[in-house]
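Raw contents of coords.txt, compact mmCIF, C-alpha atoms:
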# COMPACT_ATOMS: atom_id res chain seq x y z
CA MET N 1 106.50 83.85 -65.27
CA SER N 2 108.91 80.92 -64.92
CA GLU N 3 108.69 77.71 -66.86
CA GLN N 4 109.84 74.41 -65.38
CA LEU N 5 112.78 72.89 -67.23
CA HIS N 6 113.35 69.18 -67.74
CA HIS N 7 116.52 67.14 -68.12
CA HIS N 8 116.60 67.80 -71.87
CA THR N 9 116.24 71.56 -71.43
CA SER N 10 118.01 72.26 -68.10
CA GLY N 11 121.26 73.49 -69.62
CA PHE N 12 123.38 71.68 -67.03
CA ILE N 13 126.84 70.72 -68.26
CA LYS N 14 127.71 67.03 -67.90
CA ASN N 15 130.82 66.29 -65.89
CA GLN N 16 132.39 63.30 -64.21
CA PHE N 17 134.38 63.64 -61.01
CA PRO N 18 137.10 61.36 -59.63
CA VAL N 19 134.81 60.18 -56.84
CA THR N 20 133.74 56.61 -56.08
CA LEU N 21 131.07 55.77 -53.53
CA ILE N 22 131.76 52.76 -51.28
CA CYS N 23 128.76 51.51 -49.31
CA ASP N 24 129.48 49.63 -46.07
CA GLN N 25 126.48 47.30 -45.58
CA VAL N 26 123.88 49.71 -47.07
CA SER N 27 120.96 47.40 -47.84
CA SER N 28 117.66 49.30 -48.06
CA PRO N 29 116.29 49.12 -51.64
CA ALA N 30 114.96 52.69 -51.35
CA ASN N 31 118.37 53.98 -50.24
CA ILE N 32 120.19 52.00 -52.93
CA GLY N 33 117.89 53.45 -55.58
CA SER N 34 118.38 56.96 -54.22
CA LEU N 35 122.16 56.49 -54.20
CA PHE N 36 122.10 55.65 -57.92
CA ARG N 37 120.15 58.85 -58.66
CA ILE N 38 122.45 60.92 -56.47
CA ALA N 39 125.57 59.39 -58.05
CA ASP N 40 124.24 60.21 -61.50
CA SER N 41 123.29 63.75 -60.46
CA PHE N 42 126.79 64.51 -59.21
CA GLY N 43 128.79 62.75 -61.95
CA ILE N 44 130.26 60.06 -59.72
CA GLU N 45 132.48 57.38 -61.29
CA GLN N 46 130.94 54.28 -59.74
CA ILE N 47 129.40 52.67 -56.67
CA TYR N 48 130.58 49.66 -54.67
CA PHE N 49 127.99 47.87 -52.54
CA CYS N 50 129.94 45.93 -49.92
CA GLY N 51 128.63 43.31 -47.52
CA GLU N 52 126.97 39.94 -47.37
CA ASN N 53 123.39 39.26 -48.49
CA ILE N 54 122.84 42.64 -50.13
CA SER N 55 120.40 42.62 -53.02
CA VAL N 56 121.23 45.58 -55.21
CA VAL N 57 118.58 45.01 -57.87
CA SER N 58 114.94 44.89 -56.76
CA LYS N 59 111.66 46.35 -57.94
CA ARG N 60 111.71 48.96 -55.15
CA MET N 61 115.28 50.00 -56.03
CA GLN N 62 114.40 50.24 -59.73
CA ARG N 63 111.38 52.45 -59.01
CA THR N 64 113.52 54.79 -56.93
CA ALA N 65 116.58 54.74 -59.23
CA ARG N 66 114.54 55.72 -62.32
CA ALA N 67 116.95 53.88 -64.69
CA THR N 68 120.10 55.49 -63.27
CA HIS N 69 121.28 52.01 -62.23
CA GLU N 70 121.69 51.39 -65.98
CA ILE N 71 124.01 54.41 -66.29
CA ILE N 72 126.17 54.34 -63.15
CA PRO N 73 128.66 51.46 -63.04
CA TYR N 74 128.29 49.45 -59.86
CA HIS N 75 129.90 46.45 -58.23
CA GLN N 76 128.72 44.11 -55.54
CA VAL N 77 131.50 42.81 -53.27
CA GLU N 78 131.32 40.94 -49.97
CA ASN N 79 134.68 42.06 -48.53
CA ILE N 80 134.92 45.83 -48.13
CA LEU N 81 138.52 45.62 -46.86
CA SER N 82 139.79 44.36 -50.23
CA ILE N 83 138.06 47.29 -51.97
CA ILE N 84 139.54 49.78 -49.51
CA GLU N 85 143.02 48.36 -50.10
CA GLN N 86 142.46 48.54 -53.87
CA PHE N 87 141.48 52.22 -53.75
CA THR N 88 144.26 53.12 -51.33
CA SER N 89 146.87 51.56 -53.61
CA SER N 90 145.30 53.37 -56.60
CA GLY N 91 145.96 56.73 -54.94
CA TYR N 92 142.45 57.54 -53.75
CA THR N 93 141.86 59.50 -50.55
CA LEU N 94 139.51 57.55 -48.29
CA LEU N 95 136.89 59.65 -46.54
CA ALA N 96 134.16 58.30 -44.25
CA LEU N 97 130.86 60.13 -43.96
CA GLU N 98 130.45 59.63 -40.23
CA ILE N 99 130.24 61.69 -37.04
CA THR N 100 133.26 60.76 -34.90
CA ASP N 101 135.36 62.40 -32.20
CA THR N 102 137.80 63.53 -34.94
CA SER N 103 135.41 64.25 -37.83
CA ILE N 104 135.25 67.65 -39.46
CA PRO N 105 132.39 69.28 -41.36
CA VAL N 106 132.47 68.29 -45.03
CA SER N 107 132.44 71.99 -45.86
CA GLU N 108 135.84 72.38 -44.12
CA TYR N 109 137.58 69.49 -45.88
CA LYS N 110 140.30 70.88 -48.17
CA ILE N 111 140.48 69.08 -51.51
CA GLU N 112 143.81 69.12 -53.30
CA ALA N 113 144.21 69.52 -57.06
CA ASN N 114 143.87 66.15 -58.82
CA GLU N 115 142.68 64.44 -55.63
CA LYS N 116 140.66 61.25 -56.19
CA ILE N 117 138.16 60.44 -53.47
CA ALA N 118 136.57 57.22 -52.26
CA LEU N 119 133.66 58.27 -50.06
CA ILE N 120 132.61 55.54 -47.65
CA ILE N 121 129.06 55.61 -46.32
CA GLY N 122 127.63 53.29 -43.71
CA GLU N 123 124.80 50.97 -42.93
CA GLU N 124 121.46 52.63 -42.18
CA ASN N 125 121.41 51.97 -38.41
CA PHE N 126 125.05 51.66 -37.37
CA GLY N 127 126.96 53.81 -39.85
CA VAL N 128 130.51 53.12 -41.02
CA SER N 129 132.07 50.30 -38.98
CA ASP N 130 134.88 51.07 -36.51
CA GLN N 131 137.18 48.72 -38.45
CA ILE N 132 136.74 50.86 -41.58
CA LEU N 133 137.07 54.16 -39.70
CA THR N 134 140.64 53.24 -38.76
CA LYS N 135 141.55 53.02 -42.47
CA VAL N 136 140.36 56.43 -43.68
CA LYS N 137 142.31 59.68 -43.98
CA GLN N 138 139.46 61.70 -42.49
CA SER N 139 135.91 61.31 -41.24
CA ILE N 140 133.62 64.08 -42.43
CA HIS N 141 130.18 65.00 -41.16
CA ILE N 142 127.32 67.35 -41.92
CA ASN N 143 126.56 69.93 -39.25
CA MET N 144 123.00 69.49 -38.00
CA TYR N 145 121.04 71.90 -35.86
CA GLY N 146 118.04 69.92 -34.64
CA ASN N 147 117.64 67.31 -31.91
CA ASN N 148 118.71 64.32 -34.01
CA SER N 149 122.36 63.45 -34.64
CA SER N 150 121.80 61.45 -37.83
CA MET N 151 119.94 61.65 -41.11
CA ASN N 152 119.02 59.26 -43.89
CA VAL N 153 122.15 57.82 -45.55
CA ALA N 154 121.08 58.81 -49.07
CA THR N 155 120.20 62.35 -47.98
CA ALA N 156 123.53 62.75 -46.18
CA THR N 157 125.39 61.35 -49.20
CA GLY N 158 123.70 63.88 -51.48
CA ILE N 159 124.75 66.76 -49.25
CA ALA N 160 128.33 65.48 -48.96
CA LEU N 161 128.66 64.88 -52.71
CA TYR N 162 127.35 68.36 -53.42
CA GLU N 163 130.07 69.86 -51.21
CA ILE N 164 132.80 67.60 -52.62
CA THR N 165 131.92 68.13 -56.27
CA GLN N 166 131.67 71.89 -55.75
CA LYS N 167 135.22 71.88 -54.40
CA LEU N 168 136.46 69.66 -57.25
CA SER N 169 134.83 72.01 -59.77
CA TYR N 170 137.14 74.83 -58.68
CA HIS N 171 140.38 72.88 -59.36

Rewrite the structure from the file as structure tokens, please.
Amino acid sequence: MSEQLHHHTSGFIKNQFPVTLICDQVSSPANIGSLFRIADSFGIEQIYFCGENISVVSKRMQRTARATHEIIPYHQVENILSIIEQFTSSGYTLLALEITDTSIPVSEYKIEANEKIALIIGEENFGVSDQILTKVKQSIHINMYGNNSSMNVATATGIALYEITQKLSYH
């Protein structure tokens, strides 16, 4: 018979990966809270919430985040372009989680040794803006097999970060 393990008894090894999450206009408190939990789960460096009139801290976000917003460093910035320039000049590879005519499945993206990644995710209804897509090295997507061509931004981010951190673990 199996016994459920908890975070104190799971045996998982803590690790931090050279991955920063950059959110392009993500504003839903439930998604923001989920992104904090996902970032903590996958050992992500930090999160940038970019855009105007985005409230990062709210009661709904806090309920969803379950205190991970107190662990994961985050920044709130209006101008995403300045953040993208900052990460580009710091040697990060910019990836957009978006289905485009040139995107590849995240599972096929080849990560180089010592690669630092800034993963850009987009607004809940419109995704990553076209202006930002022109600035990234590669757009990556998650293959889907149903009728819909999109999924919840936090869910998609969790899948992408799983793939990326698995690849980084082998370097």

Pull the closest atom pair for each residue of stretch 33-84 of chain N that gets at most 10 Å from stretch 100-118 of chain N, along with the distance in Å to one decimal, counting only C-alpha atoms, ordering rows by chain and then ascending residue number, as a Markdown table.
| residue | atom | partner | partner_atom | distance |
| --- | --- | --- | --- | --- |
| N:Glu45 | CA | N:Ala118 | CA | 9.9 |
| N:Gln46 | CA | N:Ala118 | CA | 9.8 |
| N:Ile47 | CA | N:Ala118 | CA | 9.6 |
| N:Tyr48 | CA | N:Ala118 | CA | 9.9 |
| N:Ile84 | CA | N:Ala118 | CA | 8.5 |

Quick one: distance from atom CA of N:Gln25 to atom CA of N:Glu52 in Å, one decimal?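 Answer for the atom CA of N:Gln25 to atom CA of N:Glu52 separation: 7.6 Å.
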
Rank N:Ser129, N:Asn152, N:Ser10, N:Asn143 by their smallest atom-to-atom distance to N:Cys50, using all atoms listed in the file, and report the top residue only.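 Nearest to N:Cys50: N:Ser129.
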
Might you pull out every residue within 10 Å of N:Gly51, with all atoms listed in the file counted and same-chain residues fewer than 3 positions away left off, and present them as a JSON list (two decimals) with C-alpha atoms, in the frame of the given file?
[["chain", "number", "residue", "atom", "x", "y", "z"],
["N", 23, "CYS", "CA", 128.76, 51.51, -49.31],
["N", 24, "ASP", "CA", 129.48, 49.63, -46.07],
["N", 25, "GLN", "CA", 126.48, 47.30, -45.58],
["N", 26, "VAL", "CA", 123.88, 49.71, -47.07],
["N", 27, "SER", "CA", 120.96, 47.40, -47.84],
["N", 48, "TYR", "CA", 130.58, 49.66, -54.67],
["N", 54, "ILE", "CA", 122.84, 42.64, -50.13],
["N", 55, "SER", "CA", 120.40, 42.62, -53.02],
["N", 76, "GLN", "CA", 128.72, 44.11, -55.54],
["N", 77, "VAL", "CA", 131.50, 42.81, -53.27],
["N", 78, "GLU", "CA", 131.32, 40.94, -49.97],
["N", 79, "ASN", "CA", 134.68, 42.06, -48.53],
["N", 80, "ILE", "CA", 134.92, 45.83, -48.13],
["N", 123, "GLU", "CA", 124.80, 50.97, -42.93]]

Atom CA of N:Ile140 to atom CA of N:Thr68: how many Å, to one decimal?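 Between atom CA of N:Ile140 and atom CA of N:Thr68 the gap is 26.3 Å.
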
When you get a chance, write out N, CA and C atoms for stretch 136-168 of chain N, as a short mmCIF file (atom, residue, chain, number, x, y, z; two decimals), in the coordinates of the input.
data_model
loop_
_atom_site.label_atom_id
_atom_site.label_comp_id
_atom_site.auth_asym_id
_atom_site.auth_seq_id
_atom_site.Cartn_x
_atom_site.Cartn_y
_atom_site.Cartn_z
N VAL N 136 140.60 55.24 -42.86
CA VAL N 136 140.36 56.43 -43.68
C VAL N 136 141.29 57.58 -43.30
N LYS N 137 141.50 58.48 -44.25
CA LYS N 137 142.31 59.68 -43.98
C LYS N 137 141.56 60.59 -43.03
N GLN N 138 140.25 60.74 -43.27
CA GLN N 138 139.46 61.70 -42.49
C GLN N 138 138.00 61.25 -42.46
N SER N 139 137.36 61.44 -41.32
CA SER N 139 135.91 61.31 -41.24
C SER N 139 135.33 62.71 -41.41
N ILE N 140 134.29 62.80 -42.21
CA ILE N 140 133.62 64.08 -42.43
C ILE N 140 132.17 63.93 -42.00
N HIS N 141 131.59 65.03 -41.57
CA HIS N 141 130.18 65.00 -41.16
C HIS N 141 129.46 66.24 -41.68
N ILE N 142 128.17 66.21 -41.55
CA ILE N 142 127.32 67.35 -41.92
C ILE N 142 126.83 67.97 -40.62
N ASN N 143 127.07 69.27 -40.46
CA ASN N 143 126.56 69.93 -39.25
C ASN N 143 125.04 69.89 -39.26
N MET N 144 124.46 69.54 -38.13
CA MET N 144 123.00 69.49 -38.00
C MET N 144 122.60 70.33 -36.79
N TYR N 145 121.43 70.91 -36.86
CA TYR N 145 121.04 71.90 -35.86
C TYR N 145 119.76 71.54 -35.12
N GLY N 146 119.24 70.36 -35.35
CA GLY N 146 118.04 69.92 -34.64
C GLY N 146 118.40 69.01 -33.48
N ASN N 147 117.44 68.21 -33.05
CA ASN N 147 117.64 67.31 -31.91
C ASN N 147 118.34 66.01 -32.31
N ASN N 148 118.18 65.60 -33.56
CA ASN N 148 118.71 64.32 -34.01
C ASN N 148 120.18 64.47 -34.42
N SER N 149 120.94 63.39 -34.26
CA SER N 149 122.36 63.45 -34.64
C SER N 149 122.64 62.62 -35.89
N SER N 150 121.59 62.21 -36.59
CA SER N 150 121.80 61.45 -37.83
C SER N 150 120.69 61.78 -38.81
N MET N 151 120.97 61.48 -40.09
CA MET N 151 119.94 61.65 -41.11
C MET N 151 120.02 60.46 -42.06
N ASN N 152 119.06 60.35 -42.92
CA ASN N 152 119.02 59.26 -43.89
C ASN N 152 120.33 59.22 -44.68
N VAL N 153 120.84 58.00 -44.90
CA VAL N 153 122.15 57.82 -45.55
C VAL N 153 122.17 58.41 -46.96
N ALA N 154 121.10 58.26 -47.71
CA ALA N 154 121.08 58.81 -49.07
C ALA N 154 121.03 60.34 -49.03
N THR N 155 120.27 60.90 -48.12
CA THR N 155 120.20 62.35 -47.98
C THR N 155 121.57 62.91 -47.61
N ALA N 156 122.21 62.30 -46.62
CA ALA N 156 123.53 62.75 -46.18
C ALA N 156 124.55 62.63 -47.31
N THR N 157 124.47 61.54 -48.09
CA THR N 157 125.39 61.35 -49.20
C THR N 157 125.20 62.44 -50.25
N GLY N 158 123.96 62.80 -50.52
CA GLY N 158 123.70 63.88 -51.48
C GLY N 158 124.31 65.20 -51.04
N ILE N 159 124.17 65.52 -49.77
CA ILE N 159 124.75 66.76 -49.25
C ILE N 159 126.27 66.72 -49.35
N ALA N 160 126.87 65.60 -48.93
CA ALA N 160 128.33 65.48 -48.96
C ALA N 160 128.86 65.55 -50.39
N LEU N 161 128.20 64.86 -51.32
CA LEU N 161 128.66 64.88 -52.71
C LEU N 161 128.50 66.26 -53.34
N TYR N 162 127.49 66.99 -52.94
CA TYR N 162 127.35 68.36 -53.42
C TYR N 162 128.57 69.18 -53.00
N GLU N 163 128.91 69.11 -51.72
CA GLU N 163 130.07 69.86 -51.21
C GLU N 163 131.36 69.43 -51.90
N ILE N 164 131.56 68.12 -52.02
CA ILE N 164 132.80 67.60 -52.62
C ILE N 164 132.92 67.98 -54.09
N THR N 165 131.85 67.81 -54.85
CA THR N 165 131.92 68.13 -56.27
C THR N 165 132.04 69.64 -56.51
N GLN N 166 131.48 70.44 -55.64
CA GLN N 166 131.67 71.89 -55.75
C GLN N 166 133.14 72.24 -55.60
N LYS N 167 133.79 71.62 -54.62
CA LYS N 167 135.22 71.88 -54.40
C LYS N 167 136.05 71.38 -55.57
N LEU N 168 135.73 70.20 -56.10
CA LEU N 168 136.46 69.66 -57.25
C LEU N 168 136.26 70.51 -58.50
#
